[in-house]
Amino acid sequence: MKVGYLGPKATFSGIAVNEVFPKFDHEPYRTIPECMDAVINHNVNLAVVPMENTIEGSVNITLDYLTHEVQIPIVGEIIIPIKQHLMVHPSNQDKWQDVTKIYSHSHAIAQCHKFLHKNFTNVAVESISSTAAAVEMIMANPEWNVAAIANDLAAKEYGAAIVQKDIHDFDYNHTSFVILSENEIPYPSMDTFHYKTTLMVTLPSDQAGALHQVLSAFAWRRLNLSKIESRPMKTGIGNYFFIIDIEMKLDDVLIPGAIAELEALGCGVKLLGSYPSFMVE
Ligand SMILES: O=C(O)C(=O)C[C@]1(C(=O)O)C=C[C@@H](O)C=C1
């Protein structure tokens, strides 16, 4: 089995893959869409891509590519703790307070806004394809006094020196990654998991109270929702669809009943997946 993930080695995506699929082959890709394309093109059996972070919210490129460009079922979720550190090339260790630029993935930068604002007010911050790619970049250019924001595995992997630990703005920092595959995955037995079902719902246009009716279909069946997120349909101002997570495995009665009720209301409903969610501490 081969897993595609956002590379290079030692990204947070790579850590998530190692946690759940240590025995599979791991194939790094430069972008999140490339990971998903690799599943469609059968270059990998599954892809693990970031979906949501507790500080910064949804990873829009994942949600948008999954809903607009490719159709791959969500077959699992991995939630891992995220710790961001500031690191430099070891030869710049004594002058890290004077760095001229800081590189990282846009979501990692967003998780450290307060830290950067307070400590590096006039320093340029540049987003790059992943946290590990940022570490590769600073290690390849020791003559530049620049820093990267990444995890401690990346510091070890590429030989960077951590100069400030735990620079994320809120202690509780976790990212959830979705596992995408066209096949069933042989999961290792893991202790803590529960099931989720994810739906994509489009509302009938210009119908008063439509969202209220959608929520009622779940409420009276006592289906617990853990997420309702709106994303643009990309067809016009005010045109949105909803991603809804139900805290339950797809059953024969309640969820199909809710879907049928939504369709009767004139909604479009697409099942994106019903899957186990693994929490790594
Ligand atoms: O750059 C990485 O290390 C990634 O795996 C990407 C990513 C993301 O897109 O959110 C994953 C987890 C962290 O929230 C920060 C960055």
# chains A, B, ... in the order shown; residues from 1 in each chain; ligands from 1

call {"tool": "residues_near_ligand", "arguments": {"ligand": "ligand 1", "cutoff": "6 Å", "atoms": "only C-alpha atoms and all ligand atoms", "output": "ChimeraX atom specification"}}
result
/A:6,11-13,50,53,105,107-108,130-132,175

call {"tool": "write_last_selection", "arguments": {"atoms": "N, CA and C atoms", "output": "short mmCIF file (atom, residue, chain, number, x, y, z; two decimals), in the first residue's frame"}}
result
data_model
loop_
_atom_site.label_atom_id
_atom_site.label_comp_id
_atom_site.auth_asym_id
_atom_site.auth_seq_id
_atom_site.Cartn_x
_atom_site.Cartn_y
_atom_site.Cartn_z
N LEU A 6 1.60 15.53 1.75
CA LEU A 6 2.31 16.78 1.46
C LEU A 6 3.72 16.69 2.02
N THR A 11 6.99 16.73 7.29
CA THR A 11 5.90 17.70 7.44
C THR A 11 4.97 17.18 8.53
N PHE A 12 4.01 18.00 8.95
CA PHE A 12 2.99 17.50 9.88
C PHE A 12 2.17 16.41 9.20
N SER A 13 1.91 16.57 7.89
CA SER A 13 1.17 15.53 7.17
C SER A 13 1.94 14.21 7.24
N PRO A 50 -4.32 17.68 5.02
CA PRO A 50 -4.86 18.46 6.15
C PRO A 50 -6.23 19.03 5.82
N ASN A 53 -7.70 23.04 11.24
CA ASN A 53 -6.81 23.30 12.38
C ASN A 53 -7.59 24.06 13.46
N HIS A 105 4.68 27.18 5.90
CA HIS A 105 3.39 26.95 5.24
C HIS A 105 2.40 28.01 5.74
N HIS A 107 -0.62 27.97 6.69
CA HIS A 107 -1.41 27.61 7.88
C HIS A 107 -0.55 27.63 9.14
N ALA A 108 0.71 27.28 9.01
CA ALA A 108 1.62 27.32 10.17
C ALA A 108 1.88 28.78 10.54
N SER A 130 5.33 23.86 2.22
CA SER A 130 5.07 23.13 3.47
C SER A 130 6.08 23.57 4.53
N THR A 131 5.85 23.16 5.77
CA THR A 131 6.77 23.53 6.85
C THR A 131 8.15 22.89 6.62
N ALA A 132 8.16 21.63 6.18
CA ALA A 132 9.43 20.95 5.96
C ALA A 132 10.18 21.55 4.77
N THR A 175 -4.44 19.56 14.38
CA THR A 175 -4.91 19.57 12.98
C THR A 175 -5.53 18.22 12.66
#

call {"tool": "select_by_dssp", "arguments": {"residues": "region 90-220 of chain A", "states": "alpha helix (DSSP H)", "output": "count of residues only"}}
result
39

call {"tool": "closest_residue", "arguments": {"among": "A:Met51, A:Val59, A:Ser216, A:Ala161", "to": "Lys95 (chain A)", "atoms": "only C-alpha atoms"}}
result
A:Ala161

call {"tool": "closest_residue", "arguments": {"among": "A:Ile80, A:Val75, A:Met233, A:Leu254", "to": "Trp220 (chain A)", "atoms": "only C-alpha atoms"}}
result
A:Leu254

call {"tool": "residues_around", "arguments": {"residues": "region 168-174 of chain A", "least_positions_apart": "3", "cutoff": "8 Å", "atoms": "only C-alpha atoms", "output": "tab-separated table (two decimals) with C-alpha atoms, in the first residue's frame"}}
result
chain	number	residue	atom	x	y	z
A	53	ASN	CA	-6.81	23.30	12.38
A	54	THR	CA	-8.08	24.36	15.80
A	55	ILE	CA	-6.47	27.83	15.53
A	79	ILE	CA	-6.14	14.27	14.48
A	80	ILE	CA	-2.66	15.11	15.79
A	81	PRO	CA	-1.26	17.76	18.14
A	82	ILE	CA	0.68	20.54	16.38
A	83	LYS	CA	3.70	22.23	17.95
A	84	GLN	CA	5.37	24.99	15.95
A	85	HIS	CA	8.99	25.99	16.56
A	111	GLN	CA	-1.01	29.68	13.86
A	112	CYS	CA	1.86	31.95	15.00
A	113	HIS	CA	0.51	35.41	14.05
A	114	LYS	CA	0.64	36.83	17.57
A	115	PHE	CA	4.19	35.58	18.13

call {"tool": "closest_residue", "arguments": {"among": "A:Ser176, A:Ser189, A:Ser226, A:Thr100", "to": "Val17 (chain A)", "atoms": "only C-alpha atoms"}}
result
A:Ser176

call {"tool": "atom_distance", "arguments": {"atom1": "CA of Glu229 (chain A)", "atom2": "CA of Leu262 (chain A)"}}
result
16.8 Å

call {"tool": "residues_around", "arguments": {"residues": "region 277-281 of chain A", "least_positions_apart": "6", "cutoff": "7 Å", "atoms": "only C-alpha atoms", "output": "list in words"}}
result
Gly76, Glu77, Ile78, Ile79, Ile80, Pro81, Thr192, Phe193, His194, Tyr195 and Lys196 of chain A

call {"tool": "write_last_selection", "arguments": {"atoms": "N, CA and C atoms", "output": "PDB file, in the first residue's frame"}}
result
ATOM      1  N   GLY A  76     -11.287   8.122   6.292  1.00  0.00           N
ATOM      2  CA  GLY A  76     -10.770   8.178   7.665  1.00  0.00           C
ATOM      3  C   GLY A  76     -10.321   9.579   8.003  1.00  0.00           C
ATOM      4  N   GLU A  77     -10.064   9.770   9.301  1.00  0.00           N
ATOM      5  CA  GLU A  77      -9.570  11.070   9.779  1.00  0.00           C
ATOM      6  C   GLU A  77      -8.505  10.805  10.841  1.00  0.00           C
ATOM      7  N   ILE A  78      -7.447  11.617  10.820  1.00  0.00           N
ATOM      8  CA  ILE A  78      -6.391  11.514  11.840  1.00  0.00           C
ATOM      9  C   ILE A  78      -6.258  12.898  12.475  1.00  0.00           C
ATOM     10  N   ILE A  79      -6.318  12.983  13.803  1.00  0.00           N
ATOM     11  CA  ILE A  79      -6.138  14.273  14.479  1.00  0.00           C
ATOM     12  C   ILE A  79      -4.852  14.195  15.299  1.00  0.00           C
ATOM     13  N   ILE A  80      -3.936  15.131  15.040  1.00  0.00           N
ATOM     14  CA  ILE A  80      -2.664  15.110  15.787  1.00  0.00           C
ATOM     15  C   ILE A  80      -2.402  16.475  16.437  1.00  0.00           C
ATOM     16  N   PRO A  81      -1.662  16.478  17.556  1.00  0.00           N
ATOM     17  CA  PRO A  81      -1.260  17.757  18.142  1.00  0.00           C
ATOM     18  C   PRO A  81      -0.220  18.441  17.263  1.00  0.00           C
ATOM     19  N   THR A 192      -8.219   4.865  20.318  1.00  0.00           N
ATOM     20  CA  THR A 192      -9.267   5.871  20.408  1.00  0.00           C
ATOM     21  C   THR A 192      -9.797   6.237  19.033  1.00  0.00           C
ATOM     22  N   PHE A 193     -10.943   5.774  18.698  1.00  0.00           N
ATOM     23  CA  PHE A 193     -11.582   6.312  17.507  1.00  0.00           C
ATOM     24  C   PHE A 193     -13.094   6.262  17.626  1.00  0.00           C
ATOM     25  N   HIS A 194     -13.724   7.208  16.932  1.00  0.00           N
ATOM     26  CA  HIS A 194     -15.175   7.192  16.814  1.00  0.00           C
ATOM     27  C   HIS A 194     -15.488   7.414  15.338  1.00  0.00           C
ATOM     28  N   TYR A 195     -16.773   7.340  14.978  1.00  0.00           N
ATOM     29  CA  TYR A 195     -17.128   7.474  13.571  1.00  0.00           C
ATOM     30  C   TYR A 195     -17.743   8.830  13.247  1.00  0.00           C
ATOM     31  N   LYS A 196     -17.559   9.249  12.017  1.00  0.00           N
ATOM     32  CA  LYS A 196     -18.150  10.492  11.515  1.00  0.00           C
ATOM     33  C   LYS A 196     -18.726  10.242  10.130  1.00  0.00           C
TER      34      LYS A 196
END

call {"tool": "residues_around", "arguments": {"residues": "Ile244 (chain A)", "least_positions_apart": "2", "cutoff": "10 Å", "atoms": "only C-alpha atoms", "output": "list in words"}}
result
Thr197, Thr198, Leu199, Met200, Val201, Leu215, Leu225, Ser226, Lys227, Ile228, Glu229, Ser230, Phe241, Phe242, Ile246, Glu247, Leu271 and Leu272 of chain A

call {"tool": "residues_around", "arguments": {"residues": "region 116-127 of chain A", "least_positions_apart": "5", "cutoff": "6 Å", "atoms": "only C-alpha atoms", "output": "list of chain:residue names"}}
result
A:Thr100, A:Lys101, A:Ile102, A:Tyr103, A:Ser104, A:His105, A:Ser106

call {"tool": "select_by_dssp", "arguments": {"residues": "region 89-279 of chain A", "states": "strand (DSSP E or B)", "output": "number ranges by chain"}}
result
A: 101-104, 124-127, 146-150, 161-164, 174-181, 193-202, 225-232, 240-246, 268-279

call {"tool": "write_last_selection", "arguments": {"atoms": "C-alpha atoms", "output": "compact mmCIF listing (two decimals), in the first residue's frame"}}
result
# COMPACT_ATOMS: atom_id res chain seq x y z
CA LYS A 101 12.80 36.61 6.57
CA ILE A 102 10.71 33.78 8.03
CA TYR A 103 9.41 30.94 5.84
CA SER A 104 6.66 28.42 6.46
CA ALA A 124 9.03 39.62 6.00
CA VAL A 125 7.11 36.37 6.30
CA GLU A 126 6.87 34.22 3.20
CA SER A 127 4.65 31.21 2.66
CA VAL A 146 16.50 33.50 7.69
CA ALA A 147 14.27 31.25 9.80
CA ALA A 148 11.61 28.57 9.31
CA ILE A 149 8.55 27.62 11.34
CA ALA A 150 8.19 23.84 11.52
CA ALA A 161 18.65 24.51 15.22
CA ILE A 162 15.45 25.30 17.16
CA VAL A 163 15.78 28.79 18.70
CA GLN A 164 12.22 29.31 20.04
CA HIS A 174 -4.45 20.28 16.68
CA THR A 175 -4.91 19.57 12.98
CA SER A 176 -7.25 17.00 11.48
CA PHE A 177 -6.20 15.24 8.29
CA VAL A 178 -8.58 13.31 6.04
CA ILE A 179 -7.67 9.98 4.52
CA LEU A 180 -8.88 9.79 0.91
CA SER A 181 -9.15 6.55 -1.02
CA PHE A 193 -11.58 6.31 17.51
CA HIS A 194 -15.18 7.19 16.81
CA TYR A 195 -17.13 7.47 13.57
CA LYS A 196 -18.15 10.49 11.52
CA THR A 197 -20.24 10.99 8.39
CA THR A 198 -19.62 14.01 6.13
CA LEU A 199 -22.23 15.44 3.76
CA MET A 200 -22.07 18.22 1.19
CA VAL A 201 -25.40 20.05 1.02
CA THR A 202 -26.58 22.70 -1.44
CA LEU A 225 -23.50 17.64 14.23
CA SER A 226 -19.89 18.57 14.98
CA LYS A 227 -19.33 20.90 12.04
CA ILE A 228 -21.28 23.02 9.63
CA GLU A 229 -19.11 25.02 7.31
CA SER A 230 -20.07 27.12 4.31
CA ARG A 231 -17.90 27.41 1.19
CA PRO A 232 -18.54 29.40 -1.99
CA TYR A 240 -22.68 28.78 -0.90
CA PHE A 241 -22.80 25.08 -0.11
CA PHE A 242 -22.45 23.48 3.31
CA ILE A 243 -20.18 20.76 4.63
CA ILE A 244 -21.86 18.99 7.54
CA ASP A 245 -20.20 16.46 9.86
CA ILE A 246 -22.48 14.05 11.75
CA GLY A 268 -28.63 18.64 -3.27
CA VAL A 269 -26.91 16.12 -0.99
CA LYS A 270 -23.63 14.30 -1.60
CA LEU A 271 -22.16 11.78 0.85
CA LEU A 272 -18.42 12.57 1.09
CA GLY A 273 -17.70 9.67 3.45
CA SER A 274 -18.50 7.75 6.62
CA TYR A 275 -15.29 6.86 8.43
CA PRO A 276 -13.36 6.28 11.65
CA SER A 277 -11.63 9.26 13.27
CA PHE A 278 -8.31 8.54 15.01
CA MET A 279 -7.05 10.87 17.73

call {"tool": "residues_around", "arguments": {"residues": "Val214 (chain A)", "least_positions_apart": "6", "cutoff": "9 Å", "atoms": "only C-alpha atoms", "output": "list in words"}}
result
Val201, Leu203, Ala258, Glu261, Leu262, Leu265 and Cys267 of chain A

call {"tool": "atom_distance", "arguments": {"atom1": "CA of Tyr187 (chain A)", "atom2": "CA of Gly257 (chain A)"}}
result
29.0 Å

call {"tool": "atom_distance", "arguments": {"atom1": "CA of Tyr65 (chain A)", "atom2": "CA of Ile15 (chain A)"}}
result
22.4 Å

call {"tool": "closest_residue", "arguments": {"among": "A:Asn60, A:Ala134, A:Asn151, A:Val44", "to": "Lys165 (chain A)", "atoms": "only C-alpha atoms"}}
result
A:Asn151

call {"tool": "closest_residue", "arguments": {"among": "A:Met1, A:Leu63, A:Val135, A:Ala208", "to": "Glu184 (chain A)", "atoms": "only C-alpha atoms"}}
result
A:Met1

call {"tool": "closest_residue", "arguments": {"among": "A:Gly14, A:Pro142, A:Gly4, A:Gly159", "to": "Cys35 (chain A)", "atoms": "only C-alpha atoms"}}
result
A:Gly4
